[in-house]
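Comments concern the structure below.
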Amino acid sequence: MSYRYLGSRGSGAPSWFFQRVTGIVLAIVMIFHFFLMHTDPASGHTYQAVLDRLSHPFWKMFDLAFVILGLYHGVNGTIGIFRDFEMKPWLRMGIYGFLVVLAVYFGVLGFTTILKF
C-alpha cells in the first residue's frame, strides 16, 4: 500500500503540539483546583465563598483560563478524532462548524458567568 505525501502544511503538527500543551496545563490546573476545593470544606461549597473568591481578579483569570483551555482542548481533540475519518467535505465542515458554534456558546456562557461577579 502506498501513501501519497501531502506535505507538512496539513500534517496537524501544531494541533498535536497544542493538544499536548493544553493537556499538561489542564492537568496542573485540575490538581490545583482539586486541592483548593476539597481540602477545606469551607473553600467553595457555599454561594458566599464563591462570591468572595470571584471578587479577586486572580481567581477570575484562573477560572477564565480553565474555561479557555478546557474548551480548546476538547474541541481540538474532537476535531482530531474526526480528522482521522474520510468524510465528504460538506459533512466535515458541518461537524467542524457545529463544534465551533458549541465551543463559542459554552465559552460565552462561562465568560458571562465568571465575569458577572
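Residue numbering restarts at 1 for every chain of the C-alpha cells, chains are lettered A, B, ... in their displayed order, and ligands are numbered from 1 as they appear.
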Apply DSSP to the backbone of this structure and, from chain A, keep only the residues in alpha helix (DSSP H); write these as number ranges by chain.
A: 13-38, 47-54, 57-83, 89-115
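Each of A:Val29, A:Ala65, A:Ile81, A:Val75 was checked against A:Phe98 using only C-alpha atoms; the smallest atom-to-atom distance is that of A:Val75.
Of the residues under consideration (A:Phe85, A:Phe62, A:Tyr72, A:Phe32), A:Tyr72 shows the shortest atom-to-atom contact distance to A:Arg20 when counting only C-alpha atoms.
We find atom CA of A:Val104 and atom CA of A:Trp59 to be spaced 21.7 Å apart.
The residue set within 12 Å of A:Ile68, counting only C-alpha atoms and dropping same-chain residues fewer than 3 places from it, reads Thr22, Val25, Leu26, Met61, Phe62, Asp63, Leu64, Ala65, Leu71, Tyr72, His73, Gly74, Val75, Asn76, Ala103, Val104, Phe106, Gly107, Val108, Leu109, Gly110 and Phe111 of chain A.
Between atom CA of A:Asp84 and atom CA of A:Gln19 lies a distance of 15.4 Å.
The spacing separating atom CA of A:Arg83 from atom CA of A:Gly23 amounts to 19.1 Å.
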Env of A:Lys60: 12 Å cut, atoms = only C-alpha atoms, seq-sep filter 6 positions within chain, self excluded. Answer as number ranges by chain.
A: 50-54, 66-67, 110-117
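The closest residue to A:Phe17, picked from A:Leu91, A:Glu86, A:Gly77, A:Gly70 and counting only C-alpha atoms, is A:Gly77.
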Counting only C-alpha atoms, what is within 12 Å of A:Ile95, bar same-chain residues fewer than 2 positions away, as an NGL selection string?
:A and (75 or 78-83 or 87-93 or 97-102)
